[in-house]
Every structure is written in C-alpha cells, then in structure tokens.
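Structure file upload00.tsv with TSV, C-alpha atoms:
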```
chain	number	residue	atom	x	y	z
W	1	MET	CA	-20.10	-9.11	22.20
W	2	ALA	CA	-16.49	-8.17	21.38
W	3	ARG	CA	-13.92	-10.09	23.42
W	4	TYR	CA	-12.06	-6.94	24.46
W	5	ARG	CA	-15.23	-5.69	26.20
W	6	VAL	CA	-15.41	-8.60	28.61
W	7	GLY	CA	-11.82	-9.85	28.56
W	8	ASP	CA	-12.94	-13.46	27.99
W	9	GLY	CA	-14.92	-13.32	31.21
W	10	THR	CA	-12.21	-11.63	33.26
W	11	GLY	CA	-13.90	-8.24	33.13
W	12	GLY	CA	-10.76	-6.51	31.85
W	13	ALA	CA	-11.73	-4.19	29.00
W	14	MET	CA	-8.39	-3.67	27.26
W	15	ILE	CA	-8.07	-1.79	23.99
W	16	SER	CA	-4.90	-1.75	21.90
W	17	PRO	CA	-3.91	-1.89	18.21
W	18	ALA	CA	-4.10	-5.69	18.53
W	19	THR	CA	-7.23	-5.87	20.68
W	20	SER	CA	-10.38	-4.03	19.67
W	21	CYS	CA	-13.83	-4.53	18.21
W	22	VAL	CA	-12.55	-4.47	14.62
W	23	GLN	CA	-9.78	-6.95	15.45
W	24	ASP	CA	-12.32	-9.27	17.12
W	25	ALA	CA	-14.59	-9.09	14.08
W	26	SER	CA	-11.65	-9.79	11.78
W	27	GLN	CA	-10.62	-12.74	13.94
W	28	ALA	CA	-14.17	-14.11	13.74
W	29	LEU	CA	-14.04	-13.88	9.94
W	30	TYR	CA	-10.65	-15.60	9.89
W	31	ALA	CA	-11.95	-18.33	12.20
W	32	ALA	CA	-14.89	-18.94	9.84
W	33	ILE	CA	-12.53	-19.29	6.85
W	34	LEU	CA	-10.30	-21.64	8.85
W	35	ALA	CA	-13.27	-23.77	9.95
W	36	ILE	CA	-14.48	-24.21	6.36
W	37	LYS	CA	-11.00	-25.14	5.14
W	38	ASN	CA	-10.53	-27.66	7.93
W	39	GLN	CA	-13.97	-29.16	7.34
W	40	VAL	CA	-13.24	-29.77	3.67
W	41	ALA	CA	-9.67	-30.96	4.29
W	42	THR	CA	-10.72	-33.52	6.91
W	43	THR	CA	-13.77	-34.88	5.07
W	44	PRO	CA	-12.75	-37.26	2.25
W	45	GLN	CA	-16.36	-37.55	1.06
W	46	ILE	CA	-16.46	-33.85	0.21
W	47	GLN	CA	-13.19	-34.00	-1.71
W	48	THR	CA	-14.29	-37.11	-3.60
W	49	TRP	CA	-17.62	-35.54	-4.55
W	50	ILE	CA	-15.93	-32.33	-5.75
W	51	ARG	CA	-13.52	-34.29	-7.95
W	52	ALA	CA	-16.39	-36.37	-9.35
W	53	ASN	CA	-18.58	-33.33	-10.09
W	54	PRO	CA	-16.23	-30.57	-11.30
W	55	ASN	CA	-18.94	-28.71	-13.23
W	56	HIS	CA	-21.72	-28.99	-10.67
W	57	PRO	CA	-23.09	-25.57	-9.55
W	58	GLN	CA	-22.28	-26.42	-5.96
W	59	THR	CA	-18.65	-27.16	-6.92
W	60	LEU	CA	-18.39	-23.89	-8.80
W	61	ARG	CA	-19.79	-22.04	-5.79
W	62	PHE	CA	-17.24	-23.77	-3.59
W	63	GLN	CA	-14.43	-22.66	-5.94
W	64	GLN	CA	-15.70	-19.09	-5.67
W	65	LEU	CA	-15.68	-19.47	-1.90
W	66	VAL	CA	-12.07	-20.68	-2.01
W	67	GLU	CA	-11.04	-17.66	-4.08
W	68	LEU	CA	-12.90	-15.36	-1.68
W	69	GLY	CA	-11.19	-17.01	1.26
W	70	GLN	CA	-7.75	-16.49	-0.29
W	71	SER	CA	-8.44	-12.79	-0.85
W	72	LEU	CA	-9.76	-12.38	2.69
W	73	GLU	CA	-6.79	-14.21	4.20
W	74	GLN	CA	-4.39	-11.91	2.38
W	75	GLN	CA	-6.31	-8.94	3.77
W	76	LEU	CA	-6.52	-10.28	7.33
W	77	ALA	CA	-2.89	-11.47	7.48
W	78	PRO	CA	-1.07	-9.14	5.04
W	79	LEU	CA	2.42	-10.20	6.15
W	80	GLY	CA	1.59	-13.89	5.77
W	81	ILE	CA	1.99	-14.31	9.54
W	82	VAL	CA	-1.08	-15.50	11.45
W	83	ARG	CA	-1.31	-14.32	15.04
W	84	ALA	CA	-1.00	-17.07	17.64
W	85	ASP	CA	-4.21	-16.03	19.40
W	86	TRP	CA	-6.07	-16.06	16.06
W	87	GLN	CA	-4.92	-19.62	15.37
W	88	SER	CA	-5.65	-21.09	18.78
W	89	GLN	CA	-8.66	-19.12	20.02
W	90	ALA	CA	-11.30	-19.81	17.35
W	91	GLY	CA	-13.25	-22.06	19.70
W	92	ILE	CA	-13.23	-19.54	22.51
W	93	LEU	CA	-14.31	-16.83	20.08
W	94	ALA	CA	-17.31	-18.97	19.12
W	95	GLY	CA	-18.06	-19.74	22.77
W	96	THR	CA	-17.40	-23.46	22.37
W	97	GLY	CA	-13.72	-23.90	23.20
W	98	ARG	CA	-13.41	-22.90	26.86
W	99	GLY	CA	-12.53	-26.03	28.80
W	100	LYS	CA	-10.77	-26.97	31.99
W	101	THR	CA	-7.36	-26.99	30.31
W	102	THR	CA	-8.00	-24.19	27.83
W	103	LYS	CA	-7.04	-20.75	29.00
W	104	PRO	CA	-8.05	-17.66	27.08
W	105	PHE	CA	-5.17	-15.88	25.43
W	106	GLN	CA	-5.09	-12.56	23.65
W	107	ASP	CA	-1.89	-11.13	22.26
W	108	ARG	CA	-1.95	-7.38	22.94
W	109	SER	CA	1.62	-6.75	21.82
W	110	ILE	CA	2.59	-4.18	19.20
W	111	TRP	CA	3.92	-7.00	17.02
W	112	ALA	CA	0.51	-8.68	17.02
W	113	GLY	CA	-1.06	-5.42	15.90
W	114	LEU	CA	1.50	-5.03	13.11
W	115	THR	CA	0.84	-8.53	11.75
W	116	THR	CA	-2.82	-7.57	11.34
W	117	TRP	CA	-2.30	-3.86	10.67
W	118	ARG	CA	-4.85	-3.79	7.85
W	119	THR	CA	-7.61	-4.38	10.40
W	120	ILE	CA	-6.50	-1.82	13.00
W	121	MET	CA	-8.61	1.05	11.65
W	122	PRO	CA	-12.36	0.23	11.72
W	123	ARG	CA	-13.38	2.23	8.64
W	124	LEU	CA	-10.44	1.02	6.56
W	125	ALA	CA	-11.08	-2.59	7.53
W	126	HIS	CA	-14.78	-2.23	6.69
W	127	ASP	CA	-14.14	-0.64	3.29
W	128	ASP	CA	-11.42	-3.10	2.29
W	129	LEU	CA	-13.39	-6.20	3.31
W	130	ALA	CA	-16.58	-4.88	1.70
W	131	ALA	CA	-14.67	-4.21	-1.54
W	132	ILE	CA	-13.34	-7.79	-1.53
W	133	PHE	CA	-16.84	-9.24	-1.09
W	134	LEU	CA	-18.21	-6.98	-3.84
W	135	LYS	CA	-15.43	-7.98	-6.25
W	136	HIS	CA	-16.36	-11.63	-5.72
W	137	GLY	CA	-20.00	-11.02	-6.62
W	138	ALA	CA	-21.53	-10.52	-3.18
W	139	THR	CA	-24.33	-8.09	-2.40
W	140	MET	CA	-24.12	-5.70	0.53
W	141	GLN	CA	-26.53	-3.81	2.72
W	142	VAL	CA	-25.30	-0.81	4.70
W	143	LEU	CA	-26.78	-0.32	8.16
W	144	ARG	CA	-26.12	3.15	9.51
W	145	THR	CA	-26.09	2.80	13.28
W	146	ASN	CA	-26.84	6.49	13.75
W	147	GLN	CA	-30.20	5.87	12.04
W	148	VAL	CA	-31.29	2.71	13.88
W	149	GLY	CA	-35.00	3.00	14.71
W	150	GLY	CA	-35.95	5.04	11.65
W	151	TRP	CA	-34.63	7.75	9.37
W	152	GLU	CA	-34.05	11.13	10.93
W	153	SER	CA	-32.23	13.57	8.66
W	154	ASN	CA	-31.19	15.79	11.58
W	155	ILE	CA	-29.03	13.00	13.05
W	156	THR	CA	-25.54	12.74	11.57
W	157	PRO	CA	-22.61	10.58	12.65
W	158	ILE	CA	-19.83	12.32	14.55
W	159	ALA	CA	-16.21	11.58	13.72
W	160	PRO	CA	-14.40	10.14	16.77
W	161	THR	CA	-11.14	12.13	16.57
W	162	ALA	CA	-9.45	14.89	14.61
W	163	LEU	CA	-7.33	12.33	12.79
W	164	LEU	CA	-10.35	10.21	11.92
W	165	GLY	CA	-12.61	12.85	10.45
W	166	GLN	CA	-13.28	15.85	12.68
W	167	ILE	CA	-11.04	18.18	10.64
W	168	LYS	CA	-12.66	18.86	7.28
W	169	ILE	CA	-12.03	21.12	4.30
W	170	PRO	CA	-14.27	24.21	4.74
W	171	PHE	CA	-17.66	24.01	3.02
W	172	THR	CA	-17.13	20.33	2.17
W	173	ASN	CA	-17.55	16.96	3.85
W	174	ILE	CA	-14.01	15.91	2.95
W	175	SER	CA	-11.70	14.90	5.80
W	176	PRO	CA	-8.16	15.08	4.38
W	177	LEU	CA	-6.36	13.58	7.39
W	178	SER	CA	-8.47	10.42	7.46
W	179	ILE	CA	-8.10	10.04	3.67
W	180	LEU	CA	-4.31	10.32	3.89
W	181	LEU	CA	-4.18	7.92	6.83
W	182	ASN	CA	-6.37	5.33	5.10
W	183	ARG	CA	-4.43	5.60	1.84
W	184	THR	CA	-1.12	5.21	3.67
W	185	LEU	CA	-2.29	2.11	5.53
W	186	ALA	CA	-3.83	0.66	2.37
W	187	SER	CA	-0.53	1.11	0.49
W	188	LEU	CA	1.48	-0.94	2.98
W	189	VAL	CA	0.95	-4.11	0.98
W	190	VAL	CA	3.76	-6.65	0.83
W	191	PRO	CA	4.41	-7.39	-2.88
W	192	ARG	CA	3.25	-10.80	-4.06
W	193	PHE	CA	4.83	-12.88	-6.82
W	194	LYS	CA	2.84	-11.17	-9.58
W	195	ASP	CA	3.75	-7.78	-8.09
W	196	TRP	CA	7.44	-8.64	-8.37
W	197	LEU	CA	6.84	-9.51	-12.02
W	198	VAL	CA	5.21	-6.11	-12.51
W	199	ILE	CA	8.23	-4.41	-10.92
W	200	VAL	CA	10.70	-6.27	-13.15
W	201	VAL	CA	8.71	-5.69	-16.35
W	202	LEU	CA	8.23	-1.97	-15.65
W	203	LEU	CA	11.93	-1.51	-14.86
W	204	ILE	CA	12.74	-3.11	-18.19
W	205	ILE	CA	10.25	-0.86	-19.98
W	206	TYR	CA	11.71	2.21	-18.28
W	207	SER	CA	15.22	1.17	-19.33
W	208	ILE	CA	14.08	0.72	-22.93
W	209	LEU	CA	12.58	4.23	-22.91
W	210	ALA	CA	15.11	6.13	-20.80
W	211	LEU	CA	18.50	4.78	-21.88
W	212	PRO	CA	18.28	5.50	-25.65
W	213	TYR	CA	16.71	8.90	-24.99
W	214	GLY	CA	19.36	9.88	-22.42
W	215	TRP	CA	22.23	8.63	-24.59
W	216	LYS	CA	20.90	10.42	-27.68
W	217	PHE	CA	21.22	13.83	-26.03
W	218	GLY	CA	24.38	13.01	-24.07
W	219	PHE	CA	22.64	13.26	-20.70
W	220	LEU	CA	23.41	9.64	-19.79
W	221	GLN	CA	26.99	8.38	-20.02
W	222	ILE	CA	28.39	5.39	-18.18
W	223	GLU	CA	30.73	6.86	-15.58
W	224	LEU	CA	31.04	4.73	-12.45
W	225	TRP	CA	31.39	6.66	-9.22
W	226	SER	CA	34.82	5.86	-7.77
W	227	ALA	CA	33.97	6.49	-4.11
W	228	ASN	CA	34.64	3.89	-1.42
W	229	TRP	CA	31.98	1.38	-0.42
W	230	THR	CA	31.12	3.24	2.77
W	231	ASN	CA	30.13	6.35	0.87
W	232	LYS	CA	28.27	4.29	-1.72
W	233	CYS	CA	26.25	2.48	0.96
W	234	LEU	CA	25.44	5.77	2.69
W	235	LEU	CA	24.26	7.24	-0.61
W	236	ILE	CA	22.11	4.19	-1.36
W	237	LEU	CA	20.54	4.38	2.11
W	238	ARG	CA	19.94	8.12	1.77
W	239	CYS	CA	18.25	7.65	-1.60
W	240	LEU	CA	15.86	5.14	-0.04
W	241	PHE	CA	14.37	7.81	2.22
W	242	LEU	CA	14.75	10.80	-0.09
W	243	PRO	CA	13.75	10.79	-2.86
W	244	ALA	CA	12.24	7.28	-3.01
W	245	ILE	CA	10.00	7.02	0.08
W	246	VAL	CA	9.18	10.72	0.51
W	247	GLU	CA	8.36	11.43	-3.13
W	248	GLU	CA	6.37	8.22	-3.72
W	249	LEU	CA	4.44	8.71	-0.51
W	250	PHE	CA	3.40	12.22	-1.51
W	251	PHE	CA	3.03	12.06	-5.30
W	252	ARG	CA	1.50	8.59	-5.57
W	253	VAL	CA	0.07	7.37	-2.25
W	254	PHE	CA	-1.39	10.69	-1.04
W	255	LEU	CA	-2.60	12.01	-4.39
W	256	LEU	CA	-3.80	8.87	-6.17
W	257	PRO	CA	-6.86	6.89	-5.05
W	258	HIS	CA	-5.71	3.47	-3.88
W	259	PRO	CA	-6.73	0.63	-6.23
W	260	SER	CA	-9.00	-0.69	-3.48
W	261	GLU	CA	-11.00	2.56	-3.51
W	262	ILE	CA	-14.16	2.64	-5.60
W	263	THR	CA	-13.69	5.48	-8.08
W	264	SER	CA	-14.31	6.15	-11.75
W	265	TRP	CA	-11.56	5.92	-14.34
W	266	PHE	CA	-12.18	9.56	-15.27
W	267	GLN	CA	-11.65	10.75	-11.71
W	268	TRP	CA	-8.60	8.53	-11.29
W	269	SER	CA	-7.12	9.79	-14.59
W	270	LEU	CA	-7.49	13.41	-13.48
W	271	TRP	CA	-5.64	12.70	-10.24
W	272	ALA	CA	-2.97	10.76	-12.15
W	273	ILE	CA	-2.38	13.76	-14.44
W	274	VAL	CA	-2.23	16.16	-11.48
W	275	SER	CA	0.19	13.84	-9.69
W	276	LEU	CA	2.46	13.55	-12.74
W	277	VAL	CA	2.51	17.31	-13.43
W	278	LEU	CA	3.32	18.11	-9.79
W	279	PHE	CA	6.02	15.43	-9.77
W	280	ILE	CA	7.72	17.02	-12.78
W	281	LEU	CA	7.39	20.61	-11.53
W	282	TYR	CA	8.64	19.65	-8.08
W	283	HIS	CA	12.20	19.03	-9.32
W	284	PRO	CA	13.02	22.50	-10.75
W	285	LEU	CA	11.16	24.08	-7.82
W	286	ASN	CA	13.27	22.03	-5.41
W	287	ALA	CA	16.43	23.15	-7.21
W	288	LYS	CA	15.39	26.80	-6.91
W	289	THR	CA	14.68	26.57	-3.19
W	290	PHE	CA	16.34	23.78	-1.18
W	291	PHE	CA	18.69	21.87	-3.49
W	292	LYS	CA	20.74	24.53	-5.27
W	293	ALA	CA	23.21	21.94	-6.56
W	294	GLY	CA	20.47	20.50	-8.77
W	295	ILE	CA	19.76	23.68	-10.76
W	296	THR	CA	21.74	22.62	-13.84
W	297	THR	CA	20.38	19.07	-13.78
W	298	PHE	CA	16.79	19.65	-12.69
W	299	PHE	CA	16.20	22.34	-15.30
W	300	ASN	CA	17.56	20.13	-18.06
W	301	ARG	CA	14.83	19.22	-20.56
W	302	VAL	CA	16.13	15.66	-20.93
W	303	PHE	CA	16.06	15.14	-17.17
W	304	LEU	CA	12.46	16.37	-16.97
W	305	VAL	CA	11.44	13.94	-19.73
W	306	LEU	CA	13.15	11.07	-17.88
W	307	ALA	CA	11.40	12.18	-14.67
W	308	ALA	CA	8.09	12.09	-16.55
W	309	PHE	CA	8.87	8.54	-17.72
W	310	LEU	CA	9.60	7.55	-14.11
W	311	GLY	CA	6.40	9.17	-12.86
W	312	ILE	CA	4.33	7.29	-15.44
W	313	ILE	CA	6.03	3.98	-14.65
W	314	CYS	CA	5.50	4.41	-10.90
W	315	THR	CA	1.86	5.41	-11.45
W	316	VAL	CA	1.25	2.26	-13.50
W	317	ALA	CA	3.05	0.15	-10.88
W	318	TYR	CA	0.93	1.61	-8.08
W	319	THR	CA	-2.24	1.00	-10.04
W	320	LEU	CA	-1.34	-2.65	-10.66
W	321	THR	CA	0.08	-3.48	-7.22
W	322	GLY	CA	-1.37	-0.93	-4.78
W	323	SER	CA	1.90	-1.28	-2.90
W	324	LEU	CA	4.08	1.54	-1.61
W	325	PHE	CA	6.98	-0.91	-1.39
W	326	ALA	CA	6.76	-1.63	-5.13
W	327	ILE	CA	6.93	1.98	-6.30
W	328	VAL	CA	9.59	2.89	-3.74
W	329	LEU	CA	11.74	0.02	-5.00
W	330	ILE	CA	11.37	1.14	-8.63
W	331	HIS	CA	12.17	4.76	-7.79
W	332	TRP	CA	15.06	3.75	-5.56
W	333	ILE	CA	16.71	1.52	-8.16
W	334	VAL	CA	16.41	4.14	-10.91
W	335	VAL	CA	17.90	6.93	-8.79
W	336	VAL	CA	20.76	4.81	-7.41
W	337	VAL	CA	21.76	3.59	-10.88
W	338	TRP	CA	21.52	7.13	-12.25
W	339	LEU	CA	23.77	8.53	-9.52
W	340	ILE	CA	26.35	5.75	-9.23
W	341	VAL	CA	26.52	4.10	-12.65
W	342	PHE	CA	25.97	7.20	-14.78
W	343	GLY	CA	28.08	9.50	-12.61
W	344	ARG	CA	25.45	12.10	-11.79
W	345	ILE	CA	26.49	12.19	-8.13
W	346	ARG	CA	29.92	13.49	-9.14
W	347	LYS	CA	28.38	16.22	-11.29
W	348	LEU	CA	26.03	17.23	-8.49
W	349	ASP	CA	28.98	17.40	-6.09
W	350	ASN	CA	30.91	19.58	-8.57
W	351	GLN	CA	27.89	21.88	-8.76
W	352	LYS	CA	27.87	22.13	-4.97
W	353	ILE	CA	31.55	23.17	-5.03
W	354	GLN	CA	30.88	25.81	-7.68
W	355	ASN	CA	27.93	27.20	-5.72
W	356	ALA	CA	30.08	27.35	-2.59
W	357	LYS	CA	32.75	29.36	-4.44
W	358	VAL	CA	30.16	31.78	-5.73
```

Please lay out the structure from this file as structure tokens.
Amino acid sequence: MARYRVGDGTGGAMISPATSCVQDASQALYAAILAIKNQVATTPQIQTWIRANPNHPQTLRFQQLVELGQSLEQQLAPLGIVRADWQSQAGILAGTGRGKTTKPFQDRSIWAGLTTWRTIMPRLAHDDLAAIFLKHGATMQVLRTNQVGGWESNITPIAPTALLGQIKIPFTNISPLSILLNRTLASLVVPRFKDWLVIVVLLIIYSILALPYGWKFGFLQIELWSANWTNKCLLILRCLFLPAIVEELFFRVFLLPHPSEITSWFQWSLWAIVSLVLFILYHPLNAKTFFKAGITTFFNRVFLVLAAFLGIICTVAYTLTGSLFAIVLIHWIVVVVWLIVFGRIRKLDNQKIQNAKV
C-alpha cells in the first residue's frame, strides 16, 4: 500500500507533489536500484567474479542492468539531487527498517517535489519509465484497471480532471491539454555533457551556414551596439523570455512529439515540417500585427532564410536532447548576437522612431 495512504502508520493521508502513489512507486524503484548497487559494491566476491568472467552471459546481463539503472536514476532524479527521504527511507518503504530509533520521514515540501518533478504526473511517469525499460530490451504487459475481472467494452476509463484528459477535441479521443502538459514536463530535462556538445556543434553549424549567407546579401554587418551595460543586460534578459522561451515552447515543445514518445518517423517528420513552416510565417505575421517595428526586417527574404536555418537547428537539437533548456539556449544566443553584435537592435529602434513619426 502507498505510504501516503497510511502515513507510515500515523493514519495521516497527505497528498502533495512530493507525496503520492506515483512518488511512492518511484521511490520503491529507486530503492531497488540502490539496494542492488550497494550489494555489488559491498561484496568483493561479486566484483572479483565479474572481473574474472567478463564475457559470461551473467556478466553481460549485469552490465545491461547497470545501464538500465543509470537511465532510471536520471529519470527519477533529473536534477541529480536525491531527496533525503528517498535516501534514508528505503528500509521503511520495504517494511524492514522501522526500529526504536528510526522515525519515519517524508519530505512534503515543494522543493522535494521539484527534485523529482518527472514523477509527479502518474501517466507521464508511467510512460517515461515504460519507454526506458522497452529501450533496454524489456517486455511489458499492460493491465487496464478498468477491465479487471474480464473484458467489458462498455466500461471506459474516466479522465480525473479537465487538465488531465476530460477536455477533448470534438469527435476524437485526443486530449490537447494533457498532451501539452506532458510534453512540457518531459522537455524540462537538464542538459547532460553530450547535450552540451550537441549545443556547441549545432551553434557552430548554424554560424557556418548563416554568417556567409547574411554577409553575401549585406544583411549581416558587424556593428556593435553602443548602449550602456544596463540596457544591454535588460535586452539580454528580455530576449530570454521572448523570443527564446516563448517561441521554443510553442514551436518545438508543443508541436513536436518529445523524443521519449513512441511515434513513427513519418509522423514526426510531418510535425517537424508544420512546426518549421509556422515558425517562419510567424515572424512576418507578428510584424503585421504586434511588432510593427519589425516589418522591414521580418519581411526580408534573407532574414526568413536565416530564421529557417535557426528553426531547423533547434528542431535537430530538440530531437537529440529532448531538452527545452538546450533549444532555448541556442535560440537565445543567436538572437542576442544578432541584435547586439550585428546592430539589428539599433535598426529596429530606428524603425520604431519612423513608425512613431508616421
């Protein structure tokens, strides 16, 4: 039974982002991984046998288990921070660690929930963990609890809330709000070392493509913005939220299936094309409606080609990393350099002045 139901014997049924059935199940999985690691680390005979039999089937299976454990740990503790109650309460979770000097402890704070945010939502946690097991060669059986006792086609599961599935597109079984929520949570992945390499390589590739093309048509010219550091810092901060976060959240995270989702390459390619086309069209449409100062720039053919390059680079980055932080960083760096180093902010300001006079 889930710990939050009985409160470790206290009878207090407390539910929070850090304390729930899915968090208890995730803690149990983490405790199992930790127990296996400790067993191997503290048993010299096992380590000696593994070193002496590197090609034995049992050794190879153990190596697969280690790789699975690493993937699961990254999923269960995405920030690399293990909750204190997860570290110290494995025995209590298993029903073997409650002693005279051992008091149950559950961290119900918001911070605890944030450190294990990938296991807050039950469906998202289930899908992500199932995908990890499948990628490592496991087999899976799905037990639909609404059909326990035998199949009855008239019984269908009911979504718990509007956000988690009650609102659907008419005449379909698609729940857009839950899809957007799951994709947003799935994208909040802290970049790993290889993700940073992807970011650096793609920025270099973008520079190789964009700089010669922009210089050839005179769109890009080195012209450092001479504003004071206060204005520069404010501009850099503003660019982080818009366009970087807002545009990447909508055009990549919302529209593209997350790499952890099981989908065909054909379906993913269609969404990638739709995302890229909308990303390009958005800029002249934005200039026509909300950002009048960008009319000259956003209707420029060279700018639209550079925007297409950026959209492709960010799409590739999202596919390889699955991280919102990665694509936001790429977008942010490109826009800030374009505005400050290549003087586009001054030209946009001049356009604002001209529009005001008109």

Taking only residues of range 164-283 of chain W that have an atom at most 12 Å from an atom of range 294-307 of chain W, what is each one's shortest atom pair and its distance in Å to one decimal, using all atoms listed in the file, in chain and number order, as JSON lines?
```
{"residue": "W:Tyr206", "atom": "CA", "partner": "W:Leu306", "partner_atom": "CA", "distance": 9.0}
{"residue": "W:Ser207", "atom": "CA", "partner": "W:Leu306", "partner_atom": "CA", "distance": 10.2}
{"residue": "W:Ile208", "atom": "CA", "partner": "W:Leu306", "partner_atom": "CA", "distance": 11.6}
{"residue": "W:Leu209", "atom": "CA", "partner": "W:Leu306", "partner_atom": "CA", "distance": 8.5}
{"residue": "W:Ala210", "atom": "CA", "partner": "W:Leu306", "partner_atom": "CA", "distance": 6.1}
{"residue": "W:Leu211", "atom": "CA", "partner": "W:Leu306", "partner_atom": "CA", "distance": 9.2}
{"residue": "W:Pro212", "atom": "CA", "partner": "W:Leu306", "partner_atom": "CA", "distance": 10.8}
{"residue": "W:Tyr213", "atom": "CA", "partner": "W:Val302", "partner_atom": "CA", "distance": 7.9}
{"residue": "W:Gly214", "atom": "CA", "partner": "W:Val302", "partner_atom": "CA", "distance": 6.8}
{"residue": "W:Trp215", "atom": "CA", "partner": "W:Val302", "partner_atom": "CA", "distance": 10.0}
{"residue": "W:Lys216", "atom": "CA", "partner": "W:Val302", "partner_atom": "CA", "distance": 9.8}
{"residue": "W:Phe217", "atom": "CA", "partner": "W:Val302", "partner_atom": "CA", "distance": 7.4}
{"residue": "W:Gly218", "atom": "CA", "partner": "W:Val302", "partner_atom": "CA", "distance": 9.2}
{"residue": "W:Phe219", "atom": "CA", "partner": "W:Val302", "partner_atom": "CA", "distance": 6.9}
{"residue": "W:Leu220", "atom": "CA", "partner": "W:Val302", "partner_atom": "CA", "distance": 9.5}
{"residue": "W:Glu247", "atom": "CA", "partner": "W:Ala307", "partner_atom": "CA", "distance": 12.0}
{"residue": "W:Leu276", "atom": "CA", "partner": "W:Ala307", "partner_atom": "CA", "distance": 9.2}
{"residue": "W:Val277", "atom": "CA", "partner": "W:Ala307", "partner_atom": "CA", "distance": 10.3}
{"residue": "W:Leu278", "atom": "CA", "partner": "W:Ala307", "partner_atom": "CA", "distance": 11.1}
{"residue": "W:Phe279", "atom": "CA", "partner": "W:Ala307", "partner_atom": "CA", "distance": 8.0}
{"residue": "W:Ile280", "atom": "CA", "partner": "W:Leu304", "partner_atom": "CA", "distance": 6.4}
{"residue": "W:Leu281", "atom": "CA", "partner": "W:Leu304", "partner_atom": "CA", "distance": 8.6}
{"residue": "W:Tyr282", "atom": "CA", "partner": "W:Phe298", "partner_atom": "CA", "distance": 9.4}
{"residue": "W:His283", "atom": "CA", "partner": "W:Phe298", "partner_atom": "CA", "distance": 5.7}
```

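If you look at CA of Arg192 in chain W and CA of Val274 in chain W, they are 28.5 Å away from each other.
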
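Here CA of Val40 in chain W stands at a distance of 12.2 Å from CA of Thr59 in chain W.
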
7 Å contact set for Glu223 in chain W, only C-alpha atoms, chain neighbours under 5 positions out, as a compact mmCIF listing (two decimals) with C-alpha atoms, in the frame of the given file:
```txt
# COMPACT_ATOMS: atom_id res chain seq x y z
CA VAL W 341 26.52 4.10 -12.65
CA PHE W 342 25.97 7.20 -14.78
CA GLY W 343 28.08 9.50 -12.61
```

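One finds CA of Phe251 in chain W at 12.2 Å from CA of Arg183 in chain W.
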
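Closest approach to Val200 in chain W from the set W:Leu329, W:Ile174, W:Ala52, W:Leu68 is made by W:Leu329, with distances taken over all atoms listed in the file.
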
Per-residue nearest contacts of range 206-282 of chain W to range 124-136 of chain W (12 Å; all atoms listed in the file) as a tab-separated table:
```
residue	atom	partner	partner_atom	distance
W:His258	CA	W:Asp128	CA	10.7
W:Pro259	CA	W:Ala131	CA	10.4
W:Ser260	CA	W:Asp128	CA	6.7
W:Glu261	CA	W:Ala131	CA	7.9
W:Ile262	CA	W:Ala131	CA	8.0
W:Thr263	CA	W:Ala131	CA	11.7
```

Original post:
Which residue out of W:Thr319, W:Cys314, W:Glu73, W:Glu152 has the minimum interatomic distance to Trp265 in chain W when only C-alpha atoms are used?
Top reply: W:Thr319

Original post:
From the list W:Trp117, W:Trp332, W:Trp49, W:Tyr318, which residue is nearest Ile236 in chain W when using all atoms listed in the file?
Top reply: W:Trp332

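Considering the residues W:Gly69, W:Pro122, W:Gly165, W:Pro157 and counting only C-alpha atoms, Val22 in chain W has its shortest atom-to-atom contact with W:Pro122.
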
Tell me, as a PDB file with C-alpha atoms, in the frame of the given file, which residues lie within 12 Å of Lys37 in chain W, counting all atoms listed in the file; anything in the same chain fewer than 4 positions away does not count.
```pdb
ATOM      1  CA  TYR W  30     -10.650 -15.600   9.890  1.00  0.00           C
ATOM      2  CA  ALA W  31     -11.950 -18.330  12.200  1.00  0.00           C
ATOM      3  CA  ALA W  32     -14.890 -18.940   9.840  1.00  0.00           C
ATOM      4  CA  ILE W  33     -12.530 -19.290   6.850  1.00  0.00           C
ATOM      5  CA  ALA W  41      -9.670 -30.960   4.290  1.00  0.00           C
ATOM      6  CA  THR W  42     -10.720 -33.520   6.910  1.00  0.00           C
ATOM      7  CA  THR W  43     -13.770 -34.880   5.070  1.00  0.00           C
ATOM      8  CA  ILE W  46     -16.460 -33.850   0.210  1.00  0.00           C
ATOM      9  CA  GLN W  47     -13.190 -34.000  -1.710  1.00  0.00           C
ATOM     10  CA  PHE W  62     -17.240 -23.770  -3.590  1.00  0.00           C
ATOM     11  CA  GLN W  63     -14.430 -22.660  -5.940  1.00  0.00           C
ATOM     12  CA  LEU W  65     -15.680 -19.470  -1.900  1.00  0.00           C
ATOM     13  CA  VAL W  66     -12.070 -20.680  -2.010  1.00  0.00           C
ATOM     14  CA  GLU W  67     -11.040 -17.660  -4.080  1.00  0.00           C
ATOM     15  CA  GLY W  69     -11.190 -17.010   1.260  1.00  0.00           C
ATOM     16  CA  GLN W  70      -7.750 -16.490  -0.290  1.00  0.00           C
ATOM     17  CA  GLU W  73      -6.790 -14.210   4.200  1.00  0.00           C
TER      18      GLU W  73
END
```

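The environment of Val190 in chain W within 9 Å, counting only C-alpha atoms and disregarding residues fewer than 6 places along the same chain, consists of W:Pro78, W:Leu79, W:Ser323, W:Leu324, W:Phe325, W:Ala326.
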
Subject >> Distance query Ile330 in chain W at most 9 Å, only C-alpha atoms, self and fewer than 5 positions along chain excluded, as a ChimeraX atom specification >> reply: /W:199-200,202-203,244,310,313-314,317,325,335

Residues from the last selection, C-alpha atoms, saved as an mmCIF file, in the frame of the given file:
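And here's selection-v9.cif as it stands now:
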```
data_model
loop_
_atom_site.group_PDB
_atom_site.id
_atom_site.type_symbol
_atom_site.label_atom_id
_atom_site.label_comp_id
_atom_site.auth_asym_id
_atom_site.auth_seq_id
_atom_site.Cartn_x
_atom_site.Cartn_y
_atom_site.Cartn_z
ATOM 1 C CA ILE W 199 8.230 -4.410 -10.920
ATOM 2 C CA VAL W 200 10.700 -6.270 -13.150
ATOM 3 C CA LEU W 202 8.230 -1.970 -15.650
ATOM 4 C CA LEU W 203 11.930 -1.510 -14.860
ATOM 5 C CA ALA W 244 12.240 7.280 -3.010
ATOM 6 C CA LEU W 310 9.600 7.550 -14.110
ATOM 7 C CA ILE W 313 6.030 3.980 -14.650
ATOM 8 C CA CYS W 314 5.500 4.410 -10.900
ATOM 9 C CA ALA W 317 3.050 0.150 -10.880
ATOM 10 C CA PHE W 325 6.980 -0.910 -1.390
ATOM 11 C CA VAL W 335 17.900 6.930 -8.790
#
```

Original post:
Which one is closest to Ile120 in chain W: W:Thr321, W:Thr315, W:Thr172, W:Thr19? Count all atoms listed in the file.
Top reply: W:Thr19

Draw an axis-aligned box tight on the listed atoms of range 46-63 of chain W, then pad every side by 4 Å and write out centre and edge lengths in Å to one decimal as JSON.
```
{"center_x": -18.1, "center_y": -29.6, "center_z": -6.5, "size_x": 17.9, "size_y": 23.1, "size_z": 21.4}
```

**OP:** Would you list the contacts of Ile158 in chain W as number ranges by chain, taking every protein, DNA or RNA residue within 12 Å and counting all atoms listed in the file, but skipping same-chain residues closer than 5 positions in sequence?
**Re:** W: 145-146, 164-167, 173

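Proximity ranking of W:Arg238, W:Arg144, W:His331, W:Arg344 relative to Arg252 in chain W places W:His331 first, based on only C-alpha atoms.
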